[in-house]
$ cat structure-v1.txt   # compact mmCIF, C-alpha atoms
# COMPACT_ATOMS: atom_id res chain seq x y z
CA MET A 518 -56.13 22.46 151.00
CA THR A 519 -52.90 23.66 149.39
CA PHE A 520 -52.22 25.65 146.24
CA ALA A 521 -48.44 25.40 145.89
CA TYR A 522 -47.00 24.59 142.46
CA SER A 523 -43.75 24.92 140.55
CA SER A 524 -45.26 26.43 137.38
CA ILE A 525 -48.34 28.25 138.70
CA ARG A 526 -48.20 31.19 141.10
CA THR A 527 -51.26 31.42 143.35
CA ARG A 528 -52.83 34.01 145.63
CA LEU A 529 -56.12 33.63 147.54
CA GLU A 530 -58.03 36.72 148.60
CA ASP A 531 -61.73 37.19 149.42
CA GLY A 532 -62.68 33.85 147.88
CA VAL A 533 -60.83 34.55 144.63
CA LEU A 534 -57.86 32.36 143.75
CA SER A 535 -55.47 33.95 141.27
CA ALA A 536 -53.61 31.23 139.33
CA THR A 537 -50.84 32.72 137.21
CA LEU A 538 -49.24 30.42 134.65
CA ASP A 539 -45.46 30.73 134.98
CA ALA A 540 -43.89 27.99 132.85
CA GLY A 541 -41.43 30.00 130.80
CA PRO A 542 -42.01 32.79 128.31
CA LEU A 543 -44.35 30.74 126.08
CA ASN A 544 -46.24 28.89 128.85
CA LEU A 545 -46.24 25.73 126.75
CA LEU A 546 -48.64 23.09 128.02
CA GLY A 547 -45.99 20.51 128.83
CA VAL A 548 -45.32 18.04 131.60
CA ASP A 549 -44.81 20.49 134.47
CA LEU A 550 -47.68 22.83 133.69
CA VAL A 551 -50.15 20.03 132.97
CA ARG A 552 -49.10 18.25 136.18
CA ASP A 553 -49.72 21.41 138.19
CA LEU A 554 -53.04 22.11 136.47
CA VAL A 555 -54.18 18.55 137.21
CA SER A 556 -53.29 19.05 140.87
CA LEU A 557 -55.11 22.39 140.98
CA VAL A 558 -58.24 20.95 139.38
CA ASP A 559 -58.20 17.94 141.72
CA THR A 560 -58.11 20.30 144.70
CA LEU A 561 -60.95 22.41 143.31
CA HIS A 562 -63.09 19.29 142.89
CA ASN A 563 -62.23 17.63 146.19
CA ASP A 564 -61.39 20.39 148.66
CA PRO A 565 -61.89 23.94 147.34
CA GLY A 566 -62.10 25.39 150.83
CA ASP A 567 -62.88 29.10 150.66
CA VAL A 568 -62.32 29.34 146.90
CA ARG A 569 -65.37 30.57 145.00
CA VAL A 570 -63.75 31.93 141.83
CA VAL A 571 -60.49 31.11 140.05
CA VAL A 572 -58.83 33.61 137.72
CA ILE A 573 -56.25 32.06 135.38
CA ASP A 574 -53.78 34.45 133.77
CA SER A 575 -50.14 34.46 132.70
CA ALA A 576 -46.88 35.78 134.08
CA SER A 577 -45.88 36.54 130.48
CA PRO A 578 -47.42 39.65 128.87
CA LEU A 579 -46.85 38.12 125.42
CA TYR A 580 -48.24 34.59 125.83
CA PHE A 581 -51.18 33.34 127.86
CA SER A 582 -50.18 29.89 126.55
CA ALA A 583 -48.68 29.44 123.10
CA HIS A 584 -49.90 25.82 122.65
CA VAL A 585 -48.98 22.33 123.85
CA ASP A 586 -45.36 21.25 124.02
CA LEU A 587 -45.17 19.39 120.71
CA THR A 588 -41.97 17.63 121.78
CA ALA A 589 -43.68 16.02 124.80
CA VAL A 590 -47.15 14.91 123.68
CA PRO A 591 -46.97 11.40 125.25
CA GLN A 592 -45.50 12.80 128.45
CA TYR A 593 -48.04 15.57 129.06
CA THR A 594 -50.83 13.17 128.02
CA ALA A 595 -49.68 10.80 130.77
CA GLU A 596 -49.93 13.65 133.27
CA ALA A 597 -53.40 14.60 132.00
CA ALA A 598 -54.49 10.96 132.38
CA LYS A 599 -53.99 11.24 136.14
CA ALA A 600 -57.10 13.44 136.27
CA GLY A 601 -59.43 10.70 135.09
CA GLY A 602 -57.54 7.45 134.72
CA PRO A 603 -56.18 5.57 131.69
CA GLY A 604 -59.58 5.50 129.98
CA ASP A 605 -59.51 9.28 129.75
CA ALA A 606 -55.86 9.73 128.81
CA SER A 607 -56.10 13.01 126.94
CA LEU A 608 -55.65 16.70 127.53
CA GLY A 609 -59.18 17.20 126.23
CA MET A 610 -60.76 15.04 128.90
CA PHE A 611 -58.71 16.78 131.57
CA LEU A 612 -59.92 20.17 130.32
CA HIS A 613 -63.47 18.79 130.31
CA ARG A 614 -62.95 18.09 134.02
CA LEU A 615 -61.69 21.66 134.46
CA ALA A 616 -64.91 22.93 132.87
CA ARG A 617 -66.90 21.07 135.54
CA VAL A 618 -65.10 22.28 138.69
CA PRO A 619 -67.65 23.47 141.31
CA VAL A 620 -66.35 27.05 141.27
CA ILE A 621 -66.44 29.78 138.64
CA THR A 622 -63.36 30.01 136.42
CA ILE A 623 -62.22 33.05 134.46
CA ALA A 624 -59.44 33.20 131.88
CA LYS A 625 -57.81 36.64 131.79
CA VAL A 626 -55.88 36.71 128.55
CA ARG A 627 -53.01 38.92 127.54
CA GLY A 628 -50.84 37.89 124.64
CA ARG A 629 -51.33 34.79 122.52
CA ALA A 630 -53.61 31.87 123.35
CA ARG A 631 -53.34 29.30 120.59
CA GLY A 632 -53.88 25.58 120.20
CA GLY A 633 -54.01 23.91 123.61
CA GLY A 634 -53.54 27.31 125.25
CA ASN A 635 -56.73 28.53 123.64
CA GLU A 636 -58.45 25.27 124.61
CA LEU A 637 -57.41 25.89 128.21
CA ALA A 638 -59.06 29.32 128.08
CA LEU A 639 -62.18 27.85 126.42
CA ALA A 640 -62.52 25.33 129.26
CA CYS A 641 -62.96 28.24 131.66
CA ASP A 642 -66.43 29.63 132.30
CA MET A 643 -65.57 33.09 131.00
CA ILE A 644 -62.80 34.71 128.94
CA PHE A 645 -61.86 38.39 129.14
CA ALA A 646 -59.02 39.69 127.01
CA SER A 647 -56.77 42.66 126.41
CA ARG A 648 -57.98 44.52 123.33
CA GLU A 649 -54.46 45.63 122.44
CA ASN A 650 -52.52 42.46 123.21
CA ALA A 651 -54.64 39.29 123.08
CA VAL A 652 -54.57 36.92 120.09
CA PHE A 653 -56.52 33.66 119.75
CA GLY A 654 -56.11 30.82 117.32
CA GLN A 655 -56.38 27.13 116.56
CA PHE A 656 -53.51 26.61 114.14
CA GLU A 657 -53.61 22.79 114.00
CA SER A 658 -55.29 22.47 110.59
CA GLY A 659 -52.40 24.42 109.11
CA THR A 660 -50.09 21.55 110.05
CA GLY A 661 -52.43 18.73 109.04
CA ALA A 662 -53.95 18.04 112.46
CA LEU A 663 -57.05 19.34 114.25
CA PRO A 664 -57.78 20.77 117.71
CA GLY A 665 -57.77 17.72 119.94
CA ALA A 666 -58.47 19.11 123.41
CA GLY A 667 -61.95 20.59 123.11
CA GLY A 668 -61.41 23.42 120.63
CA ILE A 669 -63.79 21.98 118.04
CA GLN A 670 -66.49 21.32 120.61
CA HIS A 671 -66.30 24.72 122.32
CA LEU A 672 -65.86 26.86 119.21
CA THR A 673 -68.69 25.18 117.29
CA ARG A 674 -71.04 25.84 120.20
CA ARG A 675 -69.84 29.42 120.65
CA LEU A 676 -69.34 30.55 117.06
CA GLY A 677 -71.81 28.43 115.10
CA ARG A 678 -70.97 26.06 112.25
CA ALA A 679 -69.74 28.49 109.57
CA ARG A 680 -67.56 30.62 111.82
CA ALA A 681 -66.14 27.55 113.57
CA ILE A 682 -65.08 26.14 110.21
CA GLU A 683 -63.50 29.49 109.35
CA ALA A 684 -61.59 29.57 112.65
CA ILE A 685 -60.47 25.94 112.63
CA ALA A 686 -59.94 25.15 108.94
CA GLY A 687 -58.55 28.64 108.31
CA ALA A 688 -56.04 28.21 111.18
CA ASP A 689 -55.53 31.97 111.35
CA ASP A 690 -55.12 34.37 114.26
CA PHE A 691 -58.05 36.34 115.69
CA ASP A 692 -57.47 39.58 117.55
CA ALA A 693 -59.52 40.27 120.67
CA ASP A 694 -62.05 42.54 118.97
CA LEU A 695 -62.87 39.98 116.29
CA ALA A 696 -62.94 37.18 118.87
CA GLU A 697 -65.46 39.19 120.89
CA HIS A 698 -67.56 39.89 117.78
CA TYR A 699 -67.64 36.20 116.89
CA GLY A 700 -68.53 35.11 120.44
CA TRP A 701 -65.20 33.39 121.05
CA ILE A 702 -64.69 35.42 124.26
CA ASN A 703 -66.93 37.35 126.62
CA ARG A 704 -65.37 40.78 126.15
CA ALA A 705 -62.33 42.57 124.79
CA LEU A 706 -61.33 45.34 127.18
CA PRO A 707 -58.69 48.08 127.05
CA ASP A 708 -55.56 46.62 128.57
CA ALA A 709 -55.52 49.27 131.28
CA ASP A 710 -59.05 48.24 132.36
CA LEU A 711 -58.68 44.45 132.16
CA ASP A 712 -57.31 43.73 135.64
CA GLY A 713 -59.77 45.96 137.45
CA PHE A 714 -62.77 44.63 135.54
CA VAL A 715 -61.91 40.97 136.18
CA GLU A 716 -61.13 41.63 139.84
CA ARG A 717 -64.47 43.36 140.40
CA LEU A 718 -66.43 40.63 138.65
CA ALA A 719 -64.58 37.82 140.44
CA LYS A 720 -65.11 39.38 143.87
CA ARG A 721 -68.77 40.10 143.04
CA VAL A 722 -69.43 36.44 142.16
CA ALA A 723 -67.34 35.21 145.12
CA GLY A 724 -69.57 37.24 147.45
CA PHE A 725 -72.78 35.47 146.40
CA PRO A 726 -74.11 32.32 148.13
CA PRO A 727 -72.09 29.50 146.54
CA GLU A 728 -74.97 27.02 146.36
CA GLY A 729 -76.89 29.12 143.85
CA VAL A 730 -73.84 29.88 141.73
CA GLN A 731 -72.85 26.22 141.64
CA ALA A 732 -76.36 25.09 140.76
CA ALA A 733 -76.53 27.61 137.91
CA LYS A 734 -73.16 26.48 136.54
CA ARG A 735 -74.16 22.80 136.69
CA ALA A 736 -77.39 23.50 134.81
CA ILE A 737 -75.64 25.56 132.12
CA ASN A 738 -72.90 22.94 131.76
CA ASP A 739 -75.51 20.23 131.27
CA LEU A 740 -77.05 22.24 128.43
CA THR A 741 -73.85 23.33 126.68
CA LEU A 742 -70.80 21.15 127.31
CA ALA A 743 -69.88 18.45 124.81
CA GLU A 744 -70.46 14.80 125.56
CA PRO A 745 -67.27 13.04 126.73
CA ALA A 746 -67.46 10.66 123.76
CA HIS A 747 -67.03 13.58 121.34
CA ILE A 748 -64.00 14.91 123.21
CA ARG A 749 -62.45 11.44 123.31
CA SER A 750 -63.01 11.12 119.56
CA ASP A 751 -61.25 14.44 118.86
CA ALA A 752 -58.32 13.36 121.03
CA VAL A 753 -57.92 10.07 119.17
CA THR A 754 -58.10 11.85 115.82
CA PHE A 755 -55.49 14.40 116.93
CA GLN A 756 -53.13 11.66 118.11
CA GLY A 757 -53.40 9.97 114.72
CA LEU A 758 -53.03 13.10 112.61
CA ILE A 759 -49.91 14.46 114.31
CA ASN A 760 -48.08 11.28 113.32
CA LEU A 761 -48.88 11.53 109.61
CA PRO A 762 -45.83 12.17 107.39
CA GLU A 763 -47.03 15.52 106.03
CA THR A 764 -47.96 16.75 109.50
CA ARG A 765 -44.53 15.78 110.82
CA GLU A 766 -42.94 17.50 107.83
CA ARG A 767 -44.87 20.72 108.38
CA LEU A 768 -44.14 20.73 112.11
CA GLY A 769 -40.48 20.10 111.32
CA TYR A 770 -40.48 23.05 108.92
CA LEU A 771 -41.98 25.31 111.60
CA THR A 772 -39.57 23.99 114.24
CA GLU A 773 -36.58 24.77 112.03
CA ARG A 774 -37.88 28.31 111.69
CA GLY A 775 -38.42 28.82 115.43
CA LEU A 776 -41.55 27.02 116.65
CA GLN A 777 -41.58 26.68 120.45
CA ARG A 778 -39.01 29.47 120.81
CA MET A 779 -39.53 33.17 121.39
CA GLY A 780 -39.48 34.97 118.07
CA GLU A 781 -41.29 35.73 114.86
CA ILE A 782 -42.77 32.28 114.19
CA GLU A 783 -44.56 32.06 117.53
CA ARG A 784 -45.58 35.70 117.34
CA ASP A 785 -47.18 35.29 113.90
CA LEU A 786 -48.01 31.58 113.90
CA GLY A 787 -51.29 32.07 112.07
CA LYS A 788 -49.31 33.53 109.18
CA ALA A 789 -46.45 31.04 109.42
CA VAL A 790 -48.57 27.90 109.00
CA ALA A 791 -49.65 29.11 105.55
CA GLU A 792 -46.09 29.72 104.32
CA TYR A 793 -45.04 26.06 104.07
CA ALA A 794 -46.66 25.41 100.68
CA VAL A 795 -45.38 28.70 99.26
CA ASP A 796 -41.81 28.05 100.40
CA ARG A 797 -41.82 24.45 99.17
CA SER A 798 -43.17 25.51 95.78
CA ALA A 799 -40.61 28.28 95.49
CA ARG A 800 -37.80 25.81 96.17
CA SER A 801 -39.15 23.38 93.57
CA GLY A 802 -40.05 26.01 90.99
CA ARG A 803 -43.74 25.00 91.03
CA THR A 804 -46.78 27.20 91.43
CA PRO A 805 -48.51 26.59 94.81
CA ARG A 806 -51.77 24.65 94.72
CA GLN A 807 -54.84 26.86 95.01

$ encode --input "structure-v1.txt" --output "structure tokens"
Amino acid sequence: MTFAYSSIRTRLEDGVLSATLDAGPLNLLGVDLVRDLVSLVDTLHNDPGDVRVVVIDSASPLYFSAHVDLTAVPQYTAEAAKAGGPGDASLGMFLHRLARVPVITIAKVRGRARGGGNELALACDMIFASRENAVFGQFESGTGALPGAGGIQHLTRRLGRARAIEAIAGADDFDADLAEHYGWINRALPDADLDGFVERLAKRVAGFPPEGVQAAKRAINDLTLAEPAHIRSDAVTFQGLINLPETRERLGYLTERGLQRMGEIERDLGKAVAEYAVDRSARSGRTPRQ
């Protein structure tokens, strides 16, 4: 059993494995980070050793994970496929496997968790977030795509139909308080209290007999997780939509303005995805469509 990775810092103490994402300031889900996550999840399935709880957080105070690396979709998808074989070649099916690891997983979120980064958090058993600093969002509809790695499945089950449509079709940002109110996350906590709360909960669960905890998680997963066919369908739809001309145009517009780089666009991505039509209309002298 080893937990040594290039883009994830790990520390094991009292049955709790801290896994800190450290793949640059945005923690984009790209080749390196997906490869390391696949390796981590394989170990948790096959040889977890003394690990009872995994806490996933970020080395960046500003970004838990901004989203997938949009310049490397085929490449990170190939890495994700190693978790389940060519028939399950998608980030969504890899995250579905994460949701079924035989230990408890907790996402501790500071900063922004959007797109695939939010879907990574949703694949964990629990999400606790900094009230002052955490932001959640599925921005894909604003570019002409849709969440393709489990976001639709998880958010519909957590939020209900109407709020899921608001979150996904609206493509806007949700602060931690609103995310807690909607049921997106377990709790929003004052930033100063977040680390201590998660540590106490993780060590509490890690101290219980693992057989009972694992049996409870399996039973809850069987009642609540999406069927693999639905996740595969979302992944196929995502792959098709991101190659549409308007989607490529909107992503190009955001990239020119700073997408995938530290700065205003990534900080306020929920706002930025709605500015494309306004800017295009202003340049052409037309009134934006309502």

$ residues_around --input "structure-v1.txt" --residues "region 550-566 of chain A" --least-positions-apart "2" --cutoff "6 Å" --atoms "all atoms listed in the file" --output "MDAnalysis selection string"
chainID A and resid 522 524 546:548 568 596 600 618

$ write_last_selection --input "structure-v1.txt" --atoms "C-alpha atoms" --output "compact mmCIF listing (two decimals), in the frame of the given file"
# COMPACT_ATOMS: atom_id res chain seq x y z
CA TYR A 522 -47.00 24.59 142.46
CA SER A 524 -45.26 26.43 137.38
CA LEU A 546 -48.64 23.09 128.02
CA GLY A 547 -45.99 20.51 128.83
CA VAL A 548 -45.32 18.04 131.60
CA VAL A 568 -62.32 29.34 146.90
CA GLU A 596 -49.93 13.65 133.27
CA ALA A 600 -57.10 13.44 136.27
CA VAL A 618 -65.10 22.28 138.69

$ residues_around --input "structure-v1.txt" --residues "Gly661 (chain A)" --least-positions-apart "6" --cutoff "7 Å" --atoms "all atoms listed in the file" --output "ChimeraX atom specification"
/A:758,763-764

$ write_last_selection --input "structure-v1.txt" --atoms "C-alpha atoms" --output "short mmCIF file (atom, residue, chain, number, x, y, z; two decimals), in the coordinates of the input"
data_model
loop_
_atom_site.label_atom_id
_atom_site.label_comp_id
_atom_site.auth_asym_id
_atom_site.auth_seq_id
_atom_site.Cartn_x
_atom_site.Cartn_y
_atom_site.Cartn_z
CA LEU A 758 -53.03 13.10 112.61
CA GLU A 763 -47.03 15.52 106.03
CA THR A 764 -47.96 16.75 109.50
#

$ residues_near_point --input "structure-v1.txt" --point "(-41.2, 21.8, 115.5)" --cutoff "12 Å" --atoms "all atoms listed in the file" --output "list of chain:residue names"
A:His584, A:Val585, A:Asp586, A:Leu587, A:Thr588, A:Ala589, A:Thr660, A:Ile759, A:Thr764, A:Arg765, A:Glu766, A:Arg767, A:Leu768, A:Gly769, A:Tyr770, A:Leu771, A:Thr772, A:Glu773, A:Arg774, A:Gly775, A:Leu776, A:Gln777, A:Arg778, A:Ile782, A:Glu783, A:Val790

$ write_last_selection --input "structure-v1.txt" --atoms "C-alpha atoms" --output "PDB file, in the frame of the given file"
ATOM      1  CA  HIS A 584     -49.900  25.820 122.650  1.00  0.00           C
ATOM      2  CA  VAL A 585     -48.980  22.330 123.850  1.00  0.00           C
ATOM      3  CA  ASP A 586     -45.360  21.250 124.020  1.00  0.00           C
ATOM      4  CA  LEU A 587     -45.170  19.390 120.710  1.00  0.00           C
ATOM      5  CA  THR A 588     -41.970  17.630 121.780  1.00  0.00           C
ATOM      6  CA  ALA A 589     -43.680  16.020 124.800  1.00  0.00           C
ATOM      7  CA  THR A 660     -50.090  21.550 110.050  1.00  0.00           C
ATOM      8  CA  ILE A 759     -49.910  14.460 114.310  1.00  0.00           C
ATOM      9  CA  THR A 764     -47.960  16.750 109.500  1.00  0.00           C
ATOM     10  CA  ARG A 765     -44.530  15.780 110.820  1.00  0.00           C
ATOM     11  CA  GLU A 766     -42.940  17.500 107.830  1.00  0.00           C
ATOM     12  CA  ARG A 767     -44.870  20.720 108.380  1.00  0.00           C
ATOM     13  CA  LEU A 768     -44.140  20.730 112.110  1.00  0.00           C
ATOM     14  CA  GLY A 769     -40.480  20.100 111.320  1.00  0.00           C
ATOM     15  CA  TYR A 770     -40.480  23.050 108.920  1.00  0.00           C
ATOM     16  CA  LEU A 771     -41.980  25.310 111.600  1.00  0.00           C
ATOM     17  CA  THR A 772     -39.570  23.990 114.240  1.00  0.00           C
ATOM     18  CA  GLU A 773     -36.580  24.770 112.030  1.00  0.00           C
ATOM     19  CA  ARG A 774     -37.880  28.310 111.690  1.00  0.00           C
ATOM     20  CA  GLY A 775     -38.420  28.820 115.430  1.00  0.00           C
ATOM     21  CA  LEU A 776     -41.550  27.020 116.650  1.00  0.00           C
ATOM     22  CA  GLN A 777     -41.580  26.680 120.450  1.00  0.00           C
ATOM     23  CA  ARG A 778     -39.010  29.470 120.810  1.00  0.00           C
ATOM     24  CA  ILE A 782     -42.770  32.280 114.190  1.00  0.00           C
ATOM     25  CA  GLU A 783     -44.560  32.060 117.530  1.00  0.00           C
ATOM     26  CA  VAL A 790     -48.570  27.900 109.000  1.00  0.00           C
TER      27      VAL A 790
END

$ atom_distance --input "structure-v1.txt" --atom1 "CA of Ala597 (chain A)" --atom2 "CA of Asp751 (chain A)"
15.3 Å

$ residues_around --input "structure-v1.txt" --residues "region 716-721 of chain A" --least-positions-apart "5" --cutoff "10 Å" --atoms "only C-alpha atoms" --output "PyMOL selection string"
chain A and resi 530-535+569-572+621-623+711

$ residues_around --input "structure-v1.txt" --residues "Gly665 (chain A)" --least-positions-apart "3" --cutoff "10 Å" --atoms "all atoms listed in the file" --output "number ranges by chain"
A: 607-610, 632-633, 636, 657, 662, 668-670, 748-756, 758

$ atom_distance --input "structure-v1.txt" --atom1 "CA of Gln655 (chain A)" --atom2 "CA of Ala630 (chain A)"
8.7 Å

$ atom_distance --input "structure-v1.txt" --atom1 "CA of Asp605 (chain A)" --atom2 "CA of Cys641 (chain A)"
19.4 Å

$ decode --input "structure-v1.txt" --residues "region 605-623 of chain A" --atoms "N, CA, C and O atoms" --output "compact mmCIF listing (two decimals), in the first residue's frame"
# COMPACT_ATOMS: atom_id res chain seq x y z
N ASP A 605 -15.67 1.98 -20.19
CA ASP A 605 -16.04 3.03 -19.25
C ASP A 605 -15.06 4.20 -19.35
O ASP A 605 -14.55 4.70 -18.35
N ALA A 606 -14.77 4.59 -20.57
CA ALA A 606 -13.77 5.64 -20.81
C ALA A 606 -14.37 7.02 -20.62
O ALA A 606 -14.64 7.74 -21.57
N SER A 607 -14.59 7.39 -19.36
CA SER A 607 -15.10 8.74 -19.08
C SER A 607 -14.72 9.13 -17.66
O SER A 607 -14.56 8.26 -16.78
N LEU A 608 -14.60 10.41 -17.45
CA LEU A 608 -14.35 10.91 -16.10
C LEU A 608 -15.52 10.57 -15.18
O LEU A 608 -15.34 10.25 -14.01
N GLY A 609 -16.74 10.61 -15.73
CA GLY A 609 -17.92 10.32 -14.94
C GLY A 609 -17.91 8.91 -14.37
O GLY A 609 -18.25 8.70 -13.20
N MET A 610 -17.53 7.93 -15.19
CA MET A 610 -17.50 6.57 -14.69
C MET A 610 -16.36 6.36 -13.70
O MET A 610 -16.48 5.58 -12.75
N PHE A 611 -15.25 7.09 -13.87
CA PHE A 611 -14.21 7.02 -12.85
C PHE A 611 -14.72 7.59 -11.53
O PHE A 611 -14.51 7.00 -10.46
N LEU A 612 -15.40 8.74 -11.58
CA LEU A 612 -15.91 9.34 -10.34
C LEU A 612 -17.00 8.47 -9.72
O LEU A 612 -17.17 8.46 -8.49
N HIS A 613 -17.74 7.73 -10.54
CA HIS A 613 -18.70 6.76 -10.01
C HIS A 613 -17.96 5.69 -9.20
O HIS A 613 -18.44 5.23 -8.16
N ARG A 614 -16.79 5.29 -9.69
CA ARG A 614 -15.98 4.31 -8.95
C ARG A 614 -15.45 4.92 -7.65
O ARG A 614 -15.39 4.24 -6.62
N LEU A 615 -15.08 6.20 -7.69
CA LEU A 615 -14.69 6.89 -6.46
C LEU A 615 -15.82 6.85 -5.44
O LEU A 615 -15.59 6.63 -4.25
N ALA A 616 -17.05 7.09 -5.89
CA ALA A 616 -18.19 7.12 -4.97
C ALA A 616 -18.39 5.77 -4.28
O ALA A 616 -19.02 5.71 -3.22
N ARG A 617 -17.86 4.70 -4.86
CA ARG A 617 -18.08 3.36 -4.31
C ARG A 617 -16.85 2.78 -3.60
O ARG A 617 -16.83 1.59 -3.28
N VAL A 618 -15.84 3.61 -3.31
CA VAL A 618 -14.70 3.06 -2.56
C VAL A 618 -15.18 2.60 -1.18
O VAL A 618 -16.10 3.19 -0.61
N PRO A 619 -14.56 1.55 -0.62
CA PRO A 619 -15.03 0.99 0.65
C PRO A 619 -14.54 1.73 1.88
O PRO A 619 -14.32 1.13 2.94
N VAL A 620 -14.35 3.04 1.76
CA VAL A 620 -14.02 3.89 2.90
C VAL A 620 -14.89 5.14 2.78
O VAL A 620 -15.50 5.38 1.73
N ILE A 621 -14.96 5.92 3.82
CA ILE A 621 -15.72 7.17 3.77
C ILE A 621 -14.84 8.26 3.17
O ILE A 621 -13.65 8.36 3.48
N THR A 622 -15.43 9.06 2.29
CA THR A 622 -14.69 10.15 1.65
C THR A 622 -15.36 11.48 1.96
O THR A 622 -16.59 11.60 1.94
N ILE A 623 -14.53 12.47 2.26
CA ILE A 623 -15.01 13.81 2.60
C ILE A 623 -14.28 14.82 1.73
O ILE A 623 -13.05 14.82 1.66
